[in-house]
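> One file: protein_1.pdb (PDB, C-alpha atoms).
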ATOM      1  CA  MET N 373       1.521  12.272 -13.530
ATOM      2  CA  THR N 374      -0.002  13.799 -10.404
ATOM      3  CA  ILE N 375       2.495  13.616  -7.567
ATOM      4  CA  VAL N 376       0.127  14.045  -4.579
ATOM      5  CA  ARG N 377      -3.610  13.643  -4.434
ATOM      6  CA  SER N 378      -6.228  12.707  -1.875
ATOM      7  CA  ARG N 379      -8.116   9.483  -2.354
ATOM      8  CA  SER N 380     -11.305  11.559  -1.894
ATOM      9  CA  GLN N 381     -10.547  13.072  -5.332
ATOM     10  CA  ILE N 382     -10.388   9.647  -6.978
ATOM     11  CA  PRO N 383     -13.600   8.102  -8.314
ATOM     12  CA  GLU N 384     -14.898   4.854  -6.837
ATOM     13  CA  GLU N 385     -16.296   2.240  -9.194
ATOM     14  CA  PRO N 386     -18.425  -0.776  -8.275
ATOM     15  CA  VAL N 387     -16.778  -4.165  -8.770
ATOM     16  CA  GLY N 388     -19.217  -6.167 -10.853
ATOM     17  CA  ALA N 389     -18.097  -9.602  -9.702
ATOM     18  CA  GLY N 390     -18.520  -8.669  -6.025
ATOM     19  CA  SER N 391     -21.323  -7.473  -3.765
ATOM     20  CA  GLY N 392     -21.123  -4.151  -1.922
ATOM     21  CA  THR N 393     -17.577  -3.773  -3.239
ATOM     22  CA  ARG N 394     -15.989  -0.624  -4.668
ATOM     23  CA  ARG N 395     -12.528  -0.008  -6.156
ATOM     24  CA  GLN N 396     -10.350   3.074  -6.567
ATOM     25  CA  THR N 397      -7.302   3.160  -8.840
ATOM     26  CA  LEU N 398      -4.839   5.144  -6.693
ATOM     27  CA  THR N 399      -1.899   5.087  -9.102
ATOM     28  CA  VAL N 400      -2.259   4.539 -12.811
ATOM     29  CA  PRO N 401      -0.933   1.430 -14.580
ATOM     30  CA  GLY N 402       2.033   2.356 -16.747
ATOM     31  CA  SER N 403       2.910   5.492 -14.771
ATOM     32  CA  GLY N 404       5.559   3.781 -12.675
ATOM     33  CA  SER N 405       8.010   0.929 -12.912
ATOM     34  CA  GLY N 406       5.636  -1.967 -13.402
ATOM     35  CA  PHE N 407       3.104  -1.937 -10.538
ATOM     36  CA  HIS N 408       0.224   0.204  -9.290
ATOM     37  CA  MET N 409      -1.995   0.611  -6.209
ATOM     38  CA  ARG N 410      -5.735   0.174  -5.816
ATOM     39  CA  ARG N 411      -7.986   0.591  -2.759
ATOM     40  CA  PHE N 412     -11.034  -1.605  -2.132
ATOM     41  CA  ALA N 413     -13.961  -1.035   0.235
ATOM     42  CA  MET N 414     -16.508  -3.759   1.032
ATOM     43  CA  GLU N 415     -19.703  -3.021   2.931
ATOM     44  CA  PRO N 416     -20.529  -5.280   5.922
ATOM     45  CA  GLY N 417     -21.716  -8.582   4.504
ATOM     46  CA  GLY N 418     -20.301  -7.738   1.081
ATOM     47  CA  GLY N 419     -17.276  -9.250  -0.574
ATOM     48  CA  MET N 420     -16.007 -11.200  -3.543
ATOM     49  CA  PRO N 421     -16.792 -14.824  -4.418
ATOM     50  CA  ARG N 422     -14.029 -17.399  -4.868
ATOM     51  CA  HIS N 423     -11.974 -16.472  -7.915
ATOM     52  CA  THR N 424      -8.524 -16.370  -9.421
ATOM     53  CA  ASN N 425      -6.548 -13.532 -10.968
ATOM     54  CA  LEU N 426      -3.552 -13.863 -13.230
ATOM     55  CA  VAL N 427      -1.653 -11.274 -11.185
ATOM     56  CA  GLU N 428      -0.388 -11.447  -7.612
ATOM     57  CA  HIS N 429      -1.866  -9.206  -4.891
ATOM     58  CA  GLN N 430       0.141  -7.534  -2.121
ATOM     59  CA  GLN N 431      -2.414  -6.093   0.286
ATOM     60  CA  TYR N 432      -2.551  -4.036   3.485
ATOM     61  CA  VAL N 433      -5.741  -3.853   5.559
ATOM     62  CA  LEU N 434      -6.681  -0.240   6.356
ATOM     63  CA  ALA N 435      -9.913  -0.678   8.345
ATOM     64  CA  GLY N 436     -12.556  -3.181   9.353
ATOM     65  CA  ARG N 437     -12.245  -6.940   9.344
ATOM     66  CA  ALA N 438     -13.009  -9.808   7.027
ATOM     67  CA  SER N 439     -12.825 -13.516   6.410
ATOM     68  CA  VAL N 440     -10.434 -14.126   3.530
ATOM     69  CA  GLY N 441     -10.066 -17.498   1.854
ATOM     70  CA  ILE N 442      -6.734 -18.200   0.153
ATOM     71  CA  GLY N 443      -6.243 -21.623  -1.392
ATOM     72  CA  ASP N 444      -7.747 -24.080   1.114
ATOM     73  CA  ASP N 445      -7.291 -21.830   4.169
ATOM     74  CA  THR N 446      -9.536 -19.163   5.704
ATOM     75  CA  PHE N 447      -7.994 -16.241   7.592
ATOM     76  CA  GLN N 448      -9.543 -13.615   9.872
ATOM     77  CA  VAL N 449      -7.895 -10.327   8.973
ATOM     78  CA  ALA N 450      -8.121  -6.823  10.440
ATOM     79  CA  ALA N 451      -6.481  -3.404  10.151
ATOM     80  CA  GLY N 452      -2.699  -3.682  10.047
ATOM     81  CA  ASP N 453      -2.613  -7.132   8.466
ATOM     82  CA  VAL N 454      -0.530  -7.876   5.396
ATOM     83  CA  VAL N 455      -1.969 -10.320   2.836
ATOM     84  CA  HIS N 456       0.032 -11.769  -0.067
ATOM     85  CA  ILE N 457      -1.904 -13.748  -2.681
ATOM     86  CA  PRO N 458       0.223 -15.298  -5.440
ATOM     87  CA  GLY N 459      -1.108 -15.048  -9.007
ATOM     88  CA  GLY N 460      -3.444 -17.882  -9.940
ATOM     89  CA  THR N 461      -4.379 -18.728  -6.317
ATOM     90  CA  PRO N 462      -8.122 -19.115  -5.596
ATOM     91  CA  HIS N 463      -9.284 -16.510  -3.060
ATOM     92  CA  TRP N 464     -12.447 -14.843  -1.711
ATOM     93  CA  TYR N 465     -13.465 -12.098   0.744
ATOM     94  CA  ARG N 466     -16.377 -11.578   3.116
ATOM     95  CA  ALA N 467     -16.533  -8.333   5.142
ATOM     96  CA  GLU N 468     -17.368  -9.071   8.804
ATOM     97  CA  GLY N 469     -18.606  -6.824  11.593
ATOM     98  CA  ASP N 470     -20.363  -3.469  11.368
ATOM     99  CA  GLU N 471     -17.920  -1.281   9.456
ATOM    100  CA  PRO N 472     -16.607  -1.401   5.899
ATOM    101  CA  PHE N 473     -13.593  -3.593   5.198
ATOM    102  CA  GLU N 474     -10.969  -1.469   3.449
ATOM    103  CA  PHE N 475      -7.623  -2.507   2.007
ATOM    104  CA  LEU N 476      -4.904  -1.484  -0.388
ATOM    105  CA  CYS N 477      -4.048  -3.947  -3.142
ATOM    106  CA  VAL N 478      -0.841  -3.568  -5.147
ATOM    107  CA  VAL N 479      -0.612  -5.479  -8.415
ATOM    108  CA  PRO N 480       1.802  -5.658 -11.331
ATOM    109  CA  ASP N 481       0.811  -3.706 -14.449
ATOM    110  CA  ASP N 482       0.646  -7.027 -16.339
ATOM    111  CA  GLU N 483      -2.595  -7.996 -18.036
ATOM    112  CA  ASP N 484      -5.067  -9.541 -15.591
ATOM    113  CA  ARG N 485      -8.081 -11.776 -16.011
ATOM    114  CA  ILE N 486     -10.570 -12.707 -13.271
ATOM    115  CA  GLU N 487     -12.079 -16.180 -13.282
ATOM    116  CA  LEU N 488     -14.996 -16.903 -10.950
ATOM    117  CA  LEU N 489     -14.906 -20.372  -9.394
ATOM    118  CA  GLU N 490     -18.439 -20.635  -7.997
TER     119      GLU N 490
ATOM    120  CA  MET Z1215       6.177 -17.116   1.902
ATOM    121  CA  THR Z1216       3.787 -16.165   4.691
ATOM    122  CA  ILE Z1217       0.344 -15.440   3.240
ATOM    123  CA  VAL Z1218      -1.144 -13.398   6.131
ATOM    124  CA  ARG Z1219       0.588 -11.707   9.019
ATOM    125  CA  SER Z1220       0.021  -8.738  11.285
ATOM    126  CA  ARG Z1221       2.379  -5.821  11.026
ATOM    127  CA  SER Z1222       2.765  -6.094  14.818
ATOM    128  CA  GLN Z1223       4.705  -9.335  14.158
ATOM    129  CA  ILE Z1224       7.163  -7.591  11.856
ATOM    130  CA  PRO Z1225      10.271  -5.987  13.362
ATOM    131  CA  GLU Z1226      10.767  -2.233  13.075
ATOM    132  CA  GLU Z1227      14.241  -0.935  12.285
ATOM    133  CA  PRO Z1228      15.521   2.618  12.674
ATOM    134  CA  VAL Z1229      16.346   4.437   9.431
ATOM    135  CA  GLY Z1230      19.868   5.749   9.890
ATOM    136  CA  ALA Z1231      19.596   8.648   7.465
ATOM    137  CA  GLY Z1232      16.442   9.972   9.180
ATOM    138  CA  SER Z1233      15.466  11.193  12.639
ATOM    139  CA  GLY Z1234      12.723   9.493  14.651
ATOM    140  CA  THR Z1235      12.044   7.289  11.630
ATOM    141  CA  ARG Z1236      11.397   3.535  11.637
ATOM    142  CA  ARG Z1237      10.817   1.093   8.775
ATOM    143  CA  GLN Z1238       9.077  -2.282   8.504
ATOM    144  CA  THR Z1239       9.493  -4.576   5.511
ATOM    145  CA  LEU Z1240       5.923  -5.858   5.045
ATOM    146  CA  THR Z1241       6.564  -8.075   2.028
ATOM    147  CA  VAL Z1242       9.952  -9.461   1.149
ATOM    148  CA  PRO Z1243      11.866  -8.414  -1.984
ATOM    149  CA  GLY Z1244      11.945 -11.281  -4.444
ATOM    150  CA  SER Z1245       8.844 -13.012  -3.054
ATOM    151  CA  GLY Z1246       6.505 -11.484  -5.622
ATOM    152  CA  SER Z1247       6.567 -10.229  -9.177
ATOM    153  CA  GLY Z1248       9.044  -7.400  -8.858
ATOM    154  CA  PHE Z1249       7.855  -5.063  -6.086
ATOM    155  CA  HIS Z1250       7.430  -5.081  -2.299
ATOM    156  CA  MET Z1251       5.786  -3.040   0.463
ATOM    157  CA  ARG Z1252       7.335  -1.211   3.384
ATOM    158  CA  ARG Z1253       5.737   0.841   6.178
ATOM    159  CA  PHE Z1254       7.374   3.933   7.664
ATOM    160  CA  ALA Z1255       6.589   5.723  10.929
ATOM    161  CA  MET Z1256       8.038   9.150  11.782
ATOM    162  CA  GLU Z1257       7.714  10.672  15.235
ATOM    163  CA  PRO Z1258       6.414  14.263  15.444
ATOM    164  CA  GLY Z1259       9.275  16.523  14.381
ATOM    165  CA  GLY Z1260      11.132  13.590  12.822
ATOM    166  CA  GLY Z1261      11.607  12.850   9.163
ATOM    167  CA  MET Z1262      14.125  12.401   6.395
ATOM    168  CA  PRO Z1263      16.465  15.048   4.937
ATOM    169  CA  ARG Z1264      16.432  15.863   1.218
ATOM    170  CA  HIS Z1265      17.668  12.846  -0.716
ATOM    171  CA  THR Z1266      17.278  10.793  -3.849
ATOM    172  CA  ASN Z1267      16.656   7.087  -4.343
ATOM    173  CA  LEU Z1268      17.256   5.127  -7.514
ATOM    174  CA  VAL Z1269      13.802   3.525  -7.222
ATOM    175  CA  GLU Z1270      10.360   5.086  -7.494
ATOM    176  CA  HIS Z1271       8.029   5.258  -4.457
ATOM    177  CA  GLN Z1272       4.268   4.719  -4.569
ATOM    178  CA  GLN Z1273       2.970   5.727  -1.144
ATOM    179  CA  TYR Z1274      -0.295   5.854   0.807
ATOM    180  CA  VAL Z1275      -0.574   7.885   4.013
ATOM    181  CA  LEU Z1276      -2.034   5.810   6.864
ATOM    182  CA  ALA Z1277      -2.028   8.297   9.762
ATOM    183  CA  GLY Z1278      -0.787  11.694  10.861
ATOM    184  CA  ARG Z1279       0.378  14.499   8.638
ATOM    185  CA  ALA Z1280       3.626  15.802   7.194
ATOM    186  CA  SER Z1281       5.327  18.307   4.968
ATOM    187  CA  VAL Z1282       6.792  16.453   2.011
ATOM    188  CA  GLY Z1283       9.148  18.083  -0.451
ATOM    189  CA  ILE Z1284       9.257  16.608  -3.957
ATOM    190  CA  GLY Z1285      11.468  18.302  -6.517
ATOM    191  CA  ASP Z1286      10.959  22.040  -5.960
ATOM    192  CA  ASP Z1287       7.473  21.723  -4.429
ATOM    193  CA  THR Z1288       6.324  21.208  -0.840
ATOM    194  CA  PHE Z1289       3.068  19.391  -0.125
ATOM    195  CA  GLN Z1290       1.012  19.068   3.064
ATOM    196  CA  VAL Z1291      -0.140  15.462   3.221
ATOM    197  CA  ALA Z1292      -2.447  13.572   5.578
ATOM    198  CA  ALA Z1293      -4.159  10.198   5.955
ATOM    199  CA  GLY Z1294      -5.720   9.051   2.688
ATOM    200  CA  ASP Z1295      -3.269  10.890   0.444
ATOM    201  CA  VAL Z1296      -1.454   9.142  -2.385
ATOM    202  CA  VAL Z1297       2.138  10.198  -3.098
ATOM    203  CA  HIS Z1298       4.097   9.131  -6.180
ATOM    204  CA  ILE Z1299       7.813   9.977  -6.262
ATOM    205  CA  PRO Z1300       9.628   9.018  -9.463
ATOM    206  CA  GLY Z1301      13.067   7.425  -9.100
ATOM    207  CA  GLY Z1302      15.880   9.968  -8.918
ATOM    208  CA  THR Z1303      13.644  12.833  -7.720
ATOM    209  CA  PRO Z1304      14.904  14.794  -4.682
ATOM    210  CA  HIS Z1305      12.470  14.480  -1.755
ATOM    211  CA  TRP Z1306      12.250  14.978   2.013
ATOM    212  CA  TYR Z1307       9.758  14.459   4.875
ATOM    213  CA  ARG Z1308       8.982  16.293   8.101
ATOM    214  CA  ALA Z1309       6.277  14.880  10.403
ATOM    215  CA  GLU Z1310       3.937  17.655  11.583
ATOM    216  CA  GLY Z1311       1.432  17.783  14.439
ATOM    217  CA  ASP Z1312       1.267  15.643  17.568
ATOM    218  CA  GLU Z1313       0.937  12.115  16.252
ATOM    219  CA  PRO Z1314       3.290   9.891  14.270
ATOM    220  CA  PHE Z1315       3.235  10.205  10.489
ATOM    221  CA  GLU Z1316       2.739   6.723   9.036
ATOM    222  CA  PHE Z1317       2.726   5.629   5.407
ATOM    223  CA  LEU Z1318       3.078   2.650   3.143
ATOM    224  CA  CYS Z1319       5.791   2.834   0.494
ATOM    225  CA  VAL Z1320       5.829   0.378  -2.402
ATOM    226  CA  VAL Z1321       9.059   0.075  -4.376
ATOM    227  CA  PRO Z1322      10.403  -2.135  -7.144
ATOM    228  CA  ASP Z1323      12.725  -4.932  -6.071
ATOM    229  CA  ASP Z1324      15.495  -3.279  -8.114
ATOM    230  CA  GLU Z1325      18.712  -2.287  -6.392
ATOM    231  CA  ASP Z1326      18.369   1.044  -4.582
ATOM    232  CA  ARG Z1327      20.884   3.623  -3.374
ATOM    233  CA  ILE Z1328      20.115   6.632  -1.195
ATOM    234  CA  GLU Z1329      22.013   9.872  -1.773
ATOM    235  CA  LEU Z1330      21.696  12.661   0.799
ATOM    236  CA  LEU Z1331      21.567  16.149  -0.700
ATOM    237  CA  GLU Z1332      22.117  18.333   2.369
TER     238      GLU Z1332
END
What would you get if you wrote out this structure as structure tokens?

Amino acid sequence: MTIVRSRSQIPEEPVGAGSGTRRQTLTVPGSGSGFHMRRFAMEPGGGMPRHTNLVEHQQYVLAGRASVGIGDDTFQVAAGDVVHIPGGTPHWYRAEGDEPFEFLCVVPDDEDRIELLE
Amino acid sequence: MTIVRSRSQIPEEPVGAGSGTRRQTLTVPGSGSGFHMRRFAMEPGGGMPRHTNLVEHQQYVLAGRASVGIGDDTFQVAAGDVVHIPGGTPHWYRAEGDEPFEFLCVVPDDEDRIELLE
């Protein structure tokens, strides 16, 4: 297990279910005690449609701003905001403004499945 | 459980074992599936002496730079770096430069104990 590395060394992969959305796996599932970290970047106007995951998300907004729908509510989030989405809860993202929307997303190592709702 | 909140709404507490070091609990232990997020800020020149924790740390550097000792190695880390410290591994931090060193630190909800080594 690599102890320290820069995120610039970690490949970015497009997220097929989203638009203008890329994901980096910052720590590797199974390398720790049951959770791992990812980083997402969404271009302005990009995002993810309404969907559910099996796993919870604990997120921290690094840069930019977005509209985020969670259950029946819509939130305006920006750098420094903490977002907690329980497993199974419908949610969506739309990057707002002129700069990419970037956030960390910590999830359990448990098996996940995405289900699109629209 | 609060779904979205700004870190500016979350109290900062001094970390007794450190110098110039403050901690925020971003997500609450027990509210998720076995892990939670904290944010640390260390003033220039501040940090934490060499110590161990029972729990692993998965960290992401938000701002500033620091020297971080992990086991027998010392790393220079800066914004965008990912740091993974296995449970029980001796480690220390010293904030370098002129701005605060800030990082997220995700840990399991398991009981922790800090042991100072110097």
> What does chain N look like once superposed on chain Z, all Cα atoms paired in sequence order, least squares? Give it as a compact mmCIF listing (two decimals) with C-alpha atoms, keeping the file's coordinate frame.

# COMPACT_ATOMS: atom_id res chain seq x y z
CA MET N 373 6.14 -17.16 1.91
CA THR N 374 3.76 -16.20 4.70
CA ILE N 375 0.35 -15.43 3.25
CA VAL N 376 -1.15 -13.39 6.13
CA ARG N 377 0.59 -11.72 9.01
CA SER N 378 0.02 -8.75 11.28
CA ARG N 379 2.39 -5.83 11.02
CA SER N 380 2.77 -6.11 14.83
CA GLN N 381 4.71 -9.35 14.17
CA ILE N 382 7.17 -7.59 11.86
CA PRO N 383 10.27 -5.98 13.36
CA GLU N 384 10.78 -2.23 13.08
CA GLU N 385 14.25 -0.94 12.29
CA PRO N 386 15.52 2.63 12.68
CA VAL N 387 16.33 4.45 9.44
CA GLY N 388 19.85 5.76 9.89
CA ALA N 389 19.58 8.66 7.46
CA GLY N 390 16.44 10.00 9.18
CA SER N 391 15.47 11.21 12.64
CA GLY N 392 12.72 9.51 14.65
CA THR N 393 12.04 7.31 11.63
CA ARG N 394 11.39 3.56 11.63
CA ARG N 395 10.81 1.11 8.76
CA GLN N 396 9.08 -2.26 8.49
CA THR N 397 9.51 -4.57 5.50
CA LEU N 398 5.93 -5.84 5.03
CA THR N 399 6.57 -8.07 2.02
CA VAL N 400 9.96 -9.45 1.14
CA PRO N 401 11.87 -8.41 -2.00
CA GLY N 402 11.96 -11.28 -4.46
CA SER N 403 8.86 -13.00 -3.07
CA GLY N 404 6.51 -11.48 -5.62
CA SER N 405 6.56 -10.23 -9.18
CA GLY N 406 9.05 -7.41 -8.86
CA PHE N 407 7.86 -5.06 -6.09
CA HIS N 408 7.43 -5.09 -2.31
CA MET N 409 5.79 -3.03 0.46
CA ARG N 410 7.34 -1.20 3.38
CA ARG N 411 5.73 0.85 6.18
CA PHE N 412 7.38 3.94 7.68
CA ALA N 413 6.59 5.74 10.94
CA MET N 414 8.05 9.16 11.79
CA GLU N 415 7.71 10.67 15.25
CA PRO N 416 6.42 14.28 15.46
CA GLY N 417 9.27 16.53 14.37
CA GLY N 418 11.13 13.59 12.83
CA GLY N 419 11.61 12.87 9.17
CA MET N 420 14.13 12.40 6.40
CA PRO N 421 16.45 15.04 4.94
CA ARG N 422 16.44 15.86 1.22
CA HIS N 423 17.67 12.84 -0.71
CA THR N 424 17.27 10.79 -3.84
CA ASN N 425 16.65 7.08 -4.35
CA LEU N 426 17.24 5.13 -7.51
CA VAL N 427 13.80 3.52 -7.22
CA GLU N 428 10.35 5.09 -7.49
CA HIS N 429 8.04 5.27 -4.46
CA GLN N 430 4.27 4.72 -4.56
CA GLN N 431 2.98 5.73 -1.14
CA TYR N 432 -0.28 5.85 0.81
CA VAL N 433 -0.58 7.89 4.02
CA LEU N 434 -2.04 5.81 6.86
CA ALA N 435 -2.03 8.30 9.76
CA GLY N 436 -0.78 11.69 10.86
CA ARG N 437 0.38 14.51 8.64
CA ALA N 438 3.62 15.80 7.21
CA SER N 439 5.32 18.31 4.97
CA VAL N 440 6.78 16.46 2.01
CA GLY N 441 9.15 18.09 -0.46
CA ILE N 442 9.25 16.60 -3.96
CA GLY N 443 11.47 18.29 -6.52
CA ASP N 444 10.95 22.04 -5.97
CA ASP N 445 7.47 21.72 -4.43
CA THR N 446 6.33 21.21 -0.84
CA PHE N 447 3.07 19.39 -0.12
CA GLN N 448 1.01 19.06 3.07
CA VAL N 449 -0.15 15.46 3.22
CA ALA N 450 -2.45 13.57 5.59
CA ALA N 451 -4.15 10.19 5.96
CA GLY N 452 -5.71 9.05 2.70
CA ASP N 453 -3.26 10.89 0.44
CA VAL N 454 -1.45 9.14 -2.39
CA VAL N 455 2.14 10.21 -3.10
CA HIS N 456 4.10 9.14 -6.19
CA ILE N 457 7.81 9.98 -6.27
CA PRO N 458 9.62 9.02 -9.48
CA GLY N 459 13.07 7.42 -9.12
CA GLY N 460 15.88 9.94 -8.91
CA THR N 461 13.64 12.82 -7.72
CA PRO N 462 14.91 14.79 -4.68
CA HIS N 463 12.47 14.48 -1.76
CA TRP N 464 12.24 14.97 2.02
CA TYR N 465 9.76 14.46 4.88
CA ARG N 466 8.98 16.30 8.10
CA ALA N 467 6.27 14.88 10.41
CA GLU N 468 3.92 17.66 11.59
CA GLY N 469 1.43 17.79 14.44
CA ASP N 470 1.27 15.66 17.58
CA GLU N 471 0.95 12.11 16.26
CA PRO N 472 3.30 9.89 14.27
CA PHE N 473 3.24 10.20 10.49
CA GLU N 474 2.73 6.73 9.03
CA PHE N 475 2.73 5.63 5.41
CA LEU N 476 3.09 2.64 3.14
CA CYS N 477 5.80 2.83 0.49
CA VAL N 478 5.83 0.38 -2.42
CA VAL N 479 9.06 0.09 -4.39
CA PRO N 480 10.39 -2.12 -7.16
CA ASP N 481 12.73 -4.93 -6.07
CA ASP N 482 15.50 -3.27 -8.13
CA GLU N 483 18.71 -2.29 -6.39
CA ASP N 484 18.38 1.05 -4.58
CA ARG N 485 20.88 3.61 -3.39
CA ILE N 486 20.10 6.62 -1.18
CA GLU N 487 22.00 9.85 -1.76
CA LEU N 488 21.69 12.63 0.81
CA LEU N 489 21.57 16.12 -0.70
CA GLU N 490 22.14 18.27 2.39
> State, in Å with one decimal place, the distance from atom CA of Z:Gly1311 to atom CA of Z:Glu1257.
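Separation between atom CA of Z:Gly1311 and atom CA of Z:Glu1257: 9.5 Å.
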> The PyMOL selection byres ((chain N) within 7 of (chain Z)) - which residues does that actually catch in the file I just gave you? List them as a compact mmCIF listing (two decimals) with C-alpha atoms, in the frame of the given file.

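Saved result, expr15.txt, follows:
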# COMPACT_ATOMS: atom_id res chain seq x y z
CA ILE N 375 2.50 13.62 -7.57
CA VAL N 376 0.13 14.04 -4.58
CA ARG N 377 -3.61 13.64 -4.43
CA SER N 378 -6.23 12.71 -1.88
CA ARG N 379 -8.12 9.48 -2.35
CA LEU N 398 -4.84 5.14 -6.69
CA SER N 405 8.01 0.93 -12.91
CA GLY N 452 -2.70 -3.68 10.05
CA ASP N 453 -2.61 -7.13 8.47
CA VAL N 454 -0.53 -7.88 5.40
CA VAL N 455 -1.97 -10.32 2.84
CA HIS N 456 0.03 -11.77 -0.07
CA ILE N 457 -1.90 -13.75 -2.68
CA PRO N 480 1.80 -5.66 -11.33
> Pick out the closest residue to N:Ile486 from this set: N:Pro386, N:Gly460, N:Gly392, N:Pro416. Count all atoms listed in the file.
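Residue with the minimum atom-to-atom distance to N:Ile486: N:Gly460.
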> Go through the shown structure with the PyMOL selection byres ((chain Z and resi 1285) around 8) and write out the matching residues as an MDAnalysis selection string.
chainID Z and resid 1283:1284 1286:1287 1303:1305
> Take stretch 436-451 of chain N, model N, CA and C atoms, and hand the result over as an mmCIF file, in the frame of the given file.

data_model
loop_
_atom_site.group_PDB
_atom_site.id
_atom_site.type_symbol
_atom_site.label_atom_id
_atom_site.label_comp_id
_atom_site.auth_asym_id
_atom_site.auth_seq_id
_atom_site.Cartn_x
_atom_site.Cartn_y
_atom_site.Cartn_z
ATOM 1 N N GLY N 436 -11.568 -2.112 9.326
ATOM 2 C CA GLY N 436 -12.556 -3.181 9.353
ATOM 3 C C GLY N 436 -11.916 -4.546 9.485
ATOM 4 N N ARG N 437 -12.757 -5.572 9.286
ATOM 5 C CA ARG N 437 -12.245 -6.940 9.344
ATOM 6 C C ARG N 437 -13.011 -7.803 8.356
ATOM 7 N N ALA N 438 -12.418 -8.941 8.039
ATOM 8 C CA ALA N 438 -13.009 -9.808 7.027
ATOM 9 C C ALA N 438 -12.529 -11.234 7.221
ATOM 10 N N SER N 439 -13.309 -12.165 6.668
ATOM 11 C CA SER N 439 -12.825 -13.516 6.410
ATOM 12 C C SER N 439 -12.278 -13.507 4.987
ATOM 13 N N VAL N 440 -11.072 -14.054 4.843
ATOM 14 C CA VAL N 440 -10.434 -14.126 3.530
ATOM 15 C C VAL N 440 -9.996 -15.568 3.300
ATOM 16 N N GLY N 441 -10.494 -16.150 2.225
ATOM 17 C CA GLY N 441 -10.066 -17.498 1.854
ATOM 18 C C GLY N 441 -8.956 -17.421 0.833
ATOM 19 N N ILE N 442 -7.874 -18.162 1.084
ATOM 20 C CA ILE N 442 -6.734 -18.200 0.153
ATOM 21 C C ILE N 442 -6.345 -19.664 -0.004
ATOM 22 N N GLY N 443 -6.452 -20.191 -1.205
ATOM 23 C CA GLY N 443 -6.243 -21.623 -1.392
ATOM 24 C C GLY N 443 -7.270 -22.369 -0.556
ATOM 25 N N ASP N 444 -6.827 -23.300 0.283
ATOM 26 C CA ASP N 444 -7.747 -24.080 1.114
ATOM 27 C C ASP N 444 -7.900 -23.516 2.525
ATOM 28 N N ASP N 445 -7.273 -22.392 2.816
ATOM 29 C CA ASP N 445 -7.291 -21.830 4.169
ATOM 30 C C ASP N 445 -8.194 -20.608 4.249
ATOM 31 N N THR N 446 -8.757 -20.374 5.448
ATOM 32 C CA THR N 446 -9.536 -19.163 5.704
ATOM 33 C C THR N 446 -8.859 -18.393 6.830
ATOM 34 N N PHE N 447 -8.668 -17.097 6.629
ATOM 35 C CA PHE N 447 -7.994 -16.241 7.592
ATOM 36 C C PHE N 447 -8.956 -15.161 8.059
ATOM 37 N N GLN N 448 -8.833 -14.779 9.350
ATOM 38 C CA GLN N 448 -9.543 -13.615 9.872
ATOM 39 C C GLN N 448 -8.558 -12.454 9.861
ATOM 40 N N VAL N 449 -8.855 -11.422 9.100
ATOM 41 C CA VAL N 449 -7.895 -10.327 8.973
ATOM 42 C C VAL N 449 -8.524 -9.026 9.457
ATOM 43 N N ALA N 450 -7.678 -8.108 9.890
ATOM 44 C CA ALA N 450 -8.121 -6.823 10.440
ATOM 45 C C ALA N 450 -7.064 -5.773 10.125
ATOM 46 N N ALA N 451 -7.375 -4.524 10.451
ATOM 47 C CA ALA N 451 -6.481 -3.404 10.151
ATOM 48 C C ALA N 451 -5.057 -3.712 10.608
#
